[in-house]
Amino acid sequence: MNAAQLEQLARNGSASSTGALVAALAELFCTAEEDERERVSLIFGDIVMRVLDRVEGEARCALSSRIAGEANAPKEVLKTLAKDDDLEVALPVLEGSESLDDDDLAAIAEVVSDDHLMALAKRSDVQPSLAKVIARKGDAPHLHTLTRNHDAVLCPECFDTLVARARRDETLQEALAEREDMPKPAAARLVSFLSRELTQRVKDLNSNDTLVKAIAEKAAREVEIQLREFKGAKSKTDQLIEGAIAGSVPMDKALTIFADKERAFEIARLLAGRMGWPENVVVPLITREDDLPLMCLCRLSGVTPEAYMKLARMRGKRMRLSSSVASEAMRRYAELTDDKARAQFTAMAKKLRLPANLPTSAGSPTSH
């Protein structure tokens, strides 16, 4: 299209003529030689910004698709198109423009609709400024999409915001658990409210070192606090535990007393002392979803099915398990043989590099 034709379109002033003018100018810009591209971009941008509000939707869509991926495309034109109320117009720029930097995209994110924001969250080159806006402004679907976009670069401040908003959003917790780039402080805050199920899943998968370490450190802190609470003069609790370990108090009696009072930590101390294992190893077993290790310790410590029933009910209450789950646990405990318990215990001890000694009926360990 020559200069006279362009001038005629400009003078016409109709919406269709203005659209044709913009399309022609866009084509001139996109086909300009490299050494002319910057100069043409300035002229193209100046003219388009003057008339863009008169361009019809179809023509704006065509313009957006044509220039979104072009280097040196006028920023003001791109930003205006990205904020267009018509999502079809905005999408090519929101999804693929490389001419807008992180600050440009963050500013756009502040003012656009939820649908526009979702497109930004899916970009393959999300950088910290944009990520922070999405994390602060977005609804749950935006947060899930951003967090599961593993090409997105999230800064510590963004992780802090996401973790804070994940407290009542288990889907977001799961997405965050998959982020291996999560900083240690954010990981520590996240594990403070993870469900037991998700915590166990993270430990089993062992694919996020930062989160696994944060879980281990949390468990260690809890055990340390509980241990400190029991230091000092011997209480009736200490005397009961020591008596059961030594064999002067029946194991069933001690375990039943603690289970009735929902004293999980004391039960762990009791079993740890009976088996000669560290308390911080046994404590997590009390509320672990897989209850076979706990069953083995109880069986080898001489706990009867009747007493284990009390422990199963306490676990069910603490872990919010159904009555059928607790009943099934009691059935499996009744069917657990000493030989199977001994084999499982020996395997656990080897894996954890702990003593594989079994207690005698009197309470003192004997090597097997």
# chains A, B, ... in the order shown; residues from 1 in each chain; ligands from 1
$ residues_around --residues "Glu217 (chain A)" --least-positions-apart "2" --cutoff "12 Å" --atoms "only C-alpha atoms" --output "list of chain:residue names"
A:Lys184, A:Pro185, A:Ala187, A:Ala188, A:Arg189, A:Val191, A:Ser192, A:Thr210, A:Leu211, A:Val212, A:Lys213, A:Ala214, A:Ile215, A:Ala219, A:Ala220, A:Arg221, A:Glu222, A:Val223, A:Glu224, A:Asn280
$ write_last_selection --atoms "all heavy atoms" --output "short mmCIF file (atom, residue, chain, number, x, y, z; two decimals), in the first residue's frame"
data_model
loop_
_atom_site.label_atom_id
_atom_site.label_comp_id
_atom_site.auth_asym_id
_atom_site.auth_seq_id
_atom_site.Cartn_x
_atom_site.Cartn_y
_atom_site.Cartn_z
N LYS A 184 13.99 -22.10 52.49
CA LYS A 184 13.83 -22.80 53.77
C LYS A 184 12.82 -22.12 54.70
O LYS A 184 11.99 -22.81 55.30
CB LYS A 184 15.19 -22.91 54.47
CG LYS A 184 16.14 -23.90 53.81
CD LYS A 184 17.44 -23.99 54.59
CE LYS A 184 18.39 -24.99 53.94
NZ LYS A 184 19.67 -25.07 54.68
N PRO A 185 12.84 -20.78 54.85
CA PRO A 185 11.87 -20.16 55.76
C PRO A 185 10.42 -20.42 55.34
O PRO A 185 9.56 -20.67 56.18
CB PRO A 185 12.21 -18.66 55.68
CG PRO A 185 13.65 -18.62 55.27
CD PRO A 185 13.81 -19.78 54.33
N ALA A 187 9.37 -22.99 53.55
CA ALA A 187 9.12 -24.42 53.77
C ALA A 187 8.78 -24.69 55.24
O ALA A 187 7.88 -25.47 55.55
CB ALA A 187 10.32 -25.24 53.34
N ALA A 188 9.51 -24.04 56.14
CA ALA A 188 9.26 -24.23 57.57
C ALA A 188 7.86 -23.76 57.95
O ALA A 188 7.17 -24.41 58.75
CB ALA A 188 10.31 -23.47 58.38
N ARG A 189 7.40 -22.66 57.36
CA ARG A 189 6.04 -22.18 57.65
C ARG A 189 4.99 -23.11 57.05
O ARG A 189 3.94 -23.33 57.64
CB ARG A 189 5.86 -20.75 57.13
CG ARG A 189 6.53 -19.70 57.99
CD ARG A 189 6.14 -18.30 57.58
NE ARG A 189 6.80 -17.93 56.33
CZ ARG A 189 8.02 -17.40 56.26
NH1 ARG A 189 8.72 -17.21 57.37
NH2 ARG A 189 8.55 -17.08 55.11
N VAL A 191 5.18 -26.42 56.49
CA VAL A 191 5.02 -27.71 57.20
C VAL A 191 4.31 -27.55 58.53
O VAL A 191 3.81 -28.53 59.08
CB VAL A 191 6.39 -28.41 57.42
CG1 VAL A 191 7.08 -28.68 56.11
CG2 VAL A 191 7.29 -27.60 58.34
N SER A 192 4.23 -26.31 59.03
CA SER A 192 3.57 -26.11 60.32
C SER A 192 2.08 -26.40 60.26
O SER A 192 1.45 -26.65 61.28
CB SER A 192 3.79 -24.68 60.82
OG SER A 192 3.10 -23.74 60.00
N THR A 210 14.24 -29.70 50.51
CA THR A 210 14.01 -28.58 51.43
C THR A 210 12.81 -28.87 52.33
O THR A 210 12.86 -28.66 53.55
CB THR A 210 13.77 -27.28 50.66
OG1 THR A 210 14.89 -27.01 49.82
CG2 THR A 210 13.57 -26.11 51.61
N LEU A 211 11.73 -29.38 51.73
CA LEU A 211 10.52 -29.65 52.49
C LEU A 211 10.70 -30.85 53.41
O LEU A 211 10.22 -30.85 54.55
CB LEU A 211 9.35 -29.87 51.53
CG LEU A 211 7.95 -29.54 52.07
CD1 LEU A 211 7.89 -28.11 52.59
CD2 LEU A 211 6.91 -29.75 50.98
N VAL A 212 11.37 -31.88 52.93
CA VAL A 212 11.61 -33.07 53.76
C VAL A 212 12.45 -32.69 54.98
O VAL A 212 12.16 -33.13 56.11
CB VAL A 212 12.33 -34.17 52.94
CG1 VAL A 212 12.81 -35.30 53.85
CG2 VAL A 212 11.38 -34.74 51.88
N LYS A 213 13.45 -31.86 54.78
CA LYS A 213 14.28 -31.42 55.91
C LYS A 213 13.47 -30.57 56.89
O LYS A 213 13.64 -30.68 58.11
CB LYS A 213 15.49 -30.63 55.41
CG LYS A 213 16.54 -31.49 54.72
CD LYS A 213 17.69 -30.66 54.19
CE LYS A 213 18.72 -31.53 53.47
NZ LYS A 213 19.81 -30.71 52.88
N ALA A 214 12.59 -29.73 56.35
CA ALA A 214 11.75 -28.89 57.22
C ALA A 214 10.81 -29.75 58.06
O ALA A 214 10.58 -29.46 59.24
CB ALA A 214 10.94 -27.90 56.37
N ILE A 215 10.29 -30.82 57.46
CA ILE A 215 9.42 -31.74 58.20
C ILE A 215 10.20 -32.42 59.32
O ILE A 215 9.72 -32.53 60.46
CB ILE A 215 8.81 -32.79 57.25
CG1 ILE A 215 7.79 -32.11 56.31
CG2 ILE A 215 8.14 -33.93 58.03
CD1 ILE A 215 7.31 -33.00 55.19
N ALA A 219 9.61 -32.07 63.43
CA ALA A 219 9.40 -33.23 64.31
C ALA A 219 10.44 -33.24 65.43
O ALA A 219 10.12 -33.51 66.59
CB ALA A 219 9.48 -34.52 63.50
N ALA A 220 11.69 -32.91 65.08
CA ALA A 220 12.76 -32.90 66.09
C ALA A 220 12.51 -31.83 67.14
O ALA A 220 12.73 -32.05 68.34
CB ALA A 220 14.10 -32.67 65.40
N ARG A 221 12.02 -30.65 66.70
CA ARG A 221 11.73 -29.57 67.65
C ARG A 221 10.61 -29.97 68.60
O ARG A 221 10.67 -29.69 69.80
CB ARG A 221 11.34 -28.29 66.90
CG ARG A 221 12.50 -27.54 66.28
CD ARG A 221 12.09 -26.14 65.87
NE ARG A 221 10.98 -26.15 64.94
CZ ARG A 221 11.11 -26.23 63.62
NH1 ARG A 221 12.31 -26.34 63.09
NH2 ARG A 221 10.06 -26.19 62.84
N GLU A 222 9.58 -30.61 68.04
CA GLU A 222 8.46 -31.02 68.89
C GLU A 222 8.89 -32.04 69.93
O GLU A 222 8.50 -31.97 71.09
CB GLU A 222 7.35 -31.61 68.01
CG GLU A 222 6.65 -30.56 67.15
CD GLU A 222 5.64 -31.18 66.20
OE1 GLU A 222 5.67 -32.42 66.04
OE2 GLU A 222 4.83 -30.42 65.61
N VAL A 223 9.73 -32.99 69.50
CA VAL A 223 10.22 -34.00 70.43
C VAL A 223 11.09 -33.34 71.50
O VAL A 223 10.99 -33.66 72.69
CB VAL A 223 11.02 -35.09 69.69
CG1 VAL A 223 11.73 -36.01 70.67
CG2 VAL A 223 10.08 -35.90 68.80
N GLU A 224 11.95 -32.40 71.08
CA GLU A 224 12.84 -31.73 72.04
C GLU A 224 12.03 -30.96 73.08
O GLU A 224 12.35 -30.99 74.28
CB GLU A 224 13.76 -30.77 71.29
CG GLU A 224 14.79 -30.09 72.17
CD GLU A 224 15.71 -29.17 71.39
OE1 GLU A 224 15.65 -29.17 70.15
OE2 GLU A 224 16.46 -28.43 72.04
N ASN A 280 12.73 -40.05 70.02
CA ASN A 280 12.38 -39.26 68.84
C ASN A 280 12.12 -40.12 67.60
O ASN A 280 11.59 -39.63 66.61
CB ASN A 280 13.45 -38.21 68.53
CG ASN A 280 14.79 -38.83 68.20
OD1 ASN A 280 14.99 -40.03 68.37
ND2 ASN A 280 15.72 -38.02 67.74
#
$ residues_around --residues "Cys30 (chain A)" --least-positions-apart "2" --cutoff "8 Å" --atoms "only C-alpha atoms" --output "list of chain:residue names"
A:Ala26, A:Glu27, A:Leu28, A:Ala32, A:Ile67, A:Glu70
$ residues_around --residues "region 200-204 of chain A" --least-positions-apart "3" --cutoff "9 Å" --atoms "only C-alpha atoms" --output "list of chain:residue names"
A:Ala177, A:Glu178, A:Ser195, A:Arg196, A:Glu197, A:Ser207, A:Asn208, A:Leu211, A:Val212, A:Ile215, A:Arg288, A:Glu289
$ residues_around --residues "region 71-80 of chain A" --least-positions-apart "5" --cutoff "9 Å" --atoms "only C-alpha atoms" --output "PyMOL selection string"
chain A and resi 29-30+37-38+41-42+44-46+48-49+52+64+90+93+97-100+104-105+108
$ write_last_selection --atoms "C-alpha atoms" --output "PDB file, in the first residue's frame"
ATOM      1  CA  PHE A  29       6.324  -2.385  10.574  1.00  0.00           C
ATOM      2  CA  CYS A  30       6.546  -6.187  10.553  1.00  0.00           C
ATOM      3  CA  ARG A  37      12.719  -1.415  12.464  1.00  0.00           C
ATOM      4  CA  GLU A  38      13.232   0.952  15.418  1.00  0.00           C
ATOM      5  CA  SER A  41       8.223   1.269  15.262  1.00  0.00           C
ATOM      6  CA  LEU A  42       8.134   4.808  16.677  1.00  0.00           C
ATOM      7  CA  PHE A  44       3.778   3.065  13.784  1.00  0.00           C
ATOM      8  CA  GLY A  45       3.241   3.273  17.536  1.00  0.00           C
ATOM      9  CA  ASP A  46       2.464   6.990  17.492  1.00  0.00           C
ATOM     10  CA  VAL A  48      -1.809   3.523  16.173  1.00  0.00           C
ATOM     11  CA  MET A  49      -2.131   4.998  19.668  1.00  0.00           C
ATOM     12  CA  LEU A  52      -6.771   2.562  18.371  1.00  0.00           C
ATOM     13  CA  SER A  64      -2.673  -8.100  18.367  1.00  0.00           C
ATOM     14  CA  ALA A  90      -5.519  -9.345  24.750  1.00  0.00           C
ATOM     15  CA  VAL A  93       0.081 -10.269  23.926  1.00  0.00           C
ATOM     16  CA  SER A  97       4.801 -11.006  23.837  1.00  0.00           C
ATOM     17  CA  GLU A  98       8.523 -10.914  24.609  1.00  0.00           C
ATOM     18  CA  SER A  99       8.796  -7.155  24.226  1.00  0.00           C
ATOM     19  CA  LEU A 100       7.122  -6.443  27.572  1.00  0.00           C
ATOM     20  CA  ASP A 104       5.326  -3.985  32.323  1.00  0.00           C
ATOM     21  CA  LEU A 105       3.513  -7.277  32.875  1.00  0.00           C
ATOM     22  CA  ILE A 108      -0.845  -4.904  33.481  1.00  0.00           C
TER      23      ILE A 108
END
$ atom_distance --atom1 "CA of Lys310 (chain A)" --atom2 "CA of Ala349 (chain A)"
26.0 Å
$ closest_residue --among "A:Leu311, A:Val153, A:Met251, A:Ala341" --to "Cys296 (chain A)" --atoms "only C-alpha atoms"
A:Ala341
$ closest_atom_pairs --of "region 179-220 of chain A" --to "region 165-169 of chain A" --cutoff "9 Å" --atoms "only C-alpha atoms" --output "JSON lines"
{"residue": "A:Leu190", "atom": "CA", "partner": "A:Arg167", "partner_atom": "CA", "distance": 8.0}
{"residue": "A:Phe193", "atom": "CA", "partner": "A:Arg167", "partner_atom": "CA", "distance": 6.7}
{"residue": "A:Leu194", "atom": "CA", "partner": "A:Arg167", "partner_atom": "CA", "distance": 8.1}
$ write_last_selection --atoms "N, CA, C and O atoms" --output "PDB file, in the first residue's frame"
ATOM      1  N   LEU A 190       5.282 -23.646  55.865  1.00  0.00           N
ATOM      2  CA  LEU A 190       4.322 -24.526  55.210  1.00  0.00           C
ATOM      3  C   LEU A 190       4.105 -25.804  56.010  1.00  0.00           C
ATOM      4  O   LEU A 190       2.964 -26.233  56.212  1.00  0.00           O
ATOM      5  N   PHE A 193       1.490 -26.398  59.021  1.00  0.00           N
ATOM      6  CA  PHE A 193       0.053 -26.675  58.941  1.00  0.00           C
ATOM      7  C   PHE A 193      -0.294 -27.708  57.865  1.00  0.00           C
ATOM      8  O   PHE A 193      -1.469 -27.874  57.521  1.00  0.00           O
ATOM      9  N   LEU A 194       0.695 -28.433  57.341  1.00  0.00           N
ATOM     10  CA  LEU A 194       0.393 -29.491  56.384  1.00  0.00           C
ATOM     11  C   LEU A 194      -0.404 -30.604  57.073  1.00  0.00           C
ATOM     12  O   LEU A 194      -0.157 -30.930  58.228  1.00  0.00           O
TER      13      LEU A 194
END
$ closest_residue --among "A:Glu58, A:Glu34, A:Asp103, A:Glu174" --to "Val22 (chain A)" --atoms "only C-alpha atoms"
A:Glu58
$ residues_around --residues "Thr171 (chain A)" --least-positions-apart "4" --cutoff "9 Å" --atoms "only C-alpha atoms" --output "list in words"
Ala140, His144, Ala166, Ala175 and Leu176 of chain A
$ write_last_selection --atoms "C-alpha atoms" --output "PDB file, in the first residue's frame"
ATOM      1  CA  ALA A 140      -7.343 -19.856  44.152  1.00  0.00           C
ATOM      2  CA  HIS A 144      -2.690 -23.035  41.685  1.00  0.00           C
ATOM      3  CA  ALA A 166      -2.286 -21.910  51.428  1.00  0.00           C
ATOM      4  CA  ALA A 175       1.339 -27.408  44.512  1.00  0.00           C
ATOM      5  CA  LEU A 176       3.818 -25.726  46.860  1.00  0.00           C
TER       6      LEU A 176
END
$ select_by_dssp --residues "region 162-226 of chain A" --states "alpha helix (DSSP H)" --output "ChimeraX atom specification"
/A:162-165,170-177,184-191,196-205,209-226
$ closest_residue --among "A:Arg342, A:Arg50, A:Arg66, A:Lys132" --to "Thr31 (chain A)" --atoms "only C-alpha atoms"
A:Arg66
$ closest_residue --among "A:Asp151, A:Glu242, A:Asp260, A:Asp209" --to "Lys122 (chain A)" --atoms "only C-alpha atoms"
A:Asp151
$ closest_residue --among "A:Val55, A:Glu262, A:Ala272, A:Thr287" --to "Ile241 (chain A)" --atoms "only C-alpha atoms"
A:Ala272
$ residues_around --residues "Leu81 (chain A)" --least-positions-apart "6" --cutoff "9 Å" --atoms "only C-alpha atoms" --output "PyMOL selection string"
chain A and resi 60-61+63-64+89-94
$ closest_residue --among "A:Ile43, A:Ala82, A:Met314, A:Ala329" --to "Leu25 (chain A)" --atoms "only C-alpha atoms"
A:Ile43
$ residues_around --residues "Ala186 (chain A)" --least-positions-apart "4" --cutoff "9 Å" --atoms "only C-alpha atoms" --output "ChimeraX atom specification"
/A:156,159-160,163,182,190-191
$ write_last_selection --atoms "all heavy atoms" --output "short mmCIF file (atom, residue, chain, number, x, y, z; two decimals), in the first residue's frame"
data_model
loop_
_atom_site.label_atom_id
_atom_site.label_comp_id
_atom_site.auth_asym_id
_atom_site.auth_seq_id
_atom_site.Cartn_x
_atom_site.Cartn_y
_atom_site.Cartn_z
N PRO A 156 11.44 -15.04 47.24
CA PRO A 156 11.05 -15.38 48.61
C PRO A 156 9.77 -14.69 49.06
O PRO A 156 8.93 -15.30 49.73
CB PRO A 156 12.26 -14.93 49.44
CG PRO A 156 13.42 -15.08 48.51
CD PRO A 156 12.88 -14.69 47.16
N PHE A 159 6.83 -16.54 47.62
CA PHE A 159 6.60 -17.79 48.35
C PHE A 159 5.92 -17.51 49.69
O PHE A 159 5.03 -18.25 50.12
CB PHE A 159 7.91 -18.53 48.57
CG PHE A 159 8.29 -19.46 47.45
CD1 PHE A 159 9.37 -19.19 46.63
CD2 PHE A 159 7.55 -20.60 47.21
CE1 PHE A 159 9.72 -20.04 45.60
CE2 PHE A 159 7.87 -21.47 46.17
CZ PHE A 159 8.97 -21.18 45.37
N ASP A 160 6.34 -16.44 50.38
CA ASP A 160 5.72 -16.11 51.66
C ASP A 160 4.23 -15.86 51.49
O ASP A 160 3.40 -16.31 52.30
CB ASP A 160 6.39 -14.87 52.26
CG ASP A 160 7.80 -15.15 52.76
OD1 ASP A 160 8.13 -16.33 52.96
OD2 ASP A 160 8.56 -14.18 52.96
N VAL A 163 2.41 -19.21 50.69
CA VAL A 163 2.30 -20.07 51.87
C VAL A 163 1.22 -19.54 52.80
O VAL A 163 0.41 -20.30 53.35
CB VAL A 163 3.66 -20.18 52.60
CG1 VAL A 163 3.49 -20.83 53.97
CG2 VAL A 163 4.64 -20.98 51.76
N MET A 182 11.60 -23.80 46.70
CA MET A 182 11.05 -23.09 47.86
C MET A 182 12.14 -22.80 48.88
O MET A 182 12.90 -23.69 49.27
CB MET A 182 9.94 -23.93 48.52
CG MET A 182 9.24 -23.18 49.65
SD MET A 182 8.05 -24.25 50.52
CE MET A 182 7.06 -24.80 49.16
N LEU A 190 5.28 -23.65 55.86
CA LEU A 190 4.32 -24.53 55.21
C LEU A 190 4.10 -25.80 56.01
O LEU A 190 2.96 -26.23 56.21
CB LEU A 190 4.80 -24.87 53.80
CG LEU A 190 3.92 -25.82 52.99
CD1 LEU A 190 2.54 -25.20 52.75
CD2 LEU A 190 4.58 -26.17 51.66
N VAL A 191 5.18 -26.42 56.49
CA VAL A 191 5.02 -27.71 57.20
C VAL A 191 4.31 -27.55 58.53
O VAL A 191 3.81 -28.53 59.08
CB VAL A 191 6.39 -28.41 57.42
CG1 VAL A 191 7.08 -28.68 56.11
CG2 VAL A 191 7.29 -27.60 58.34
#
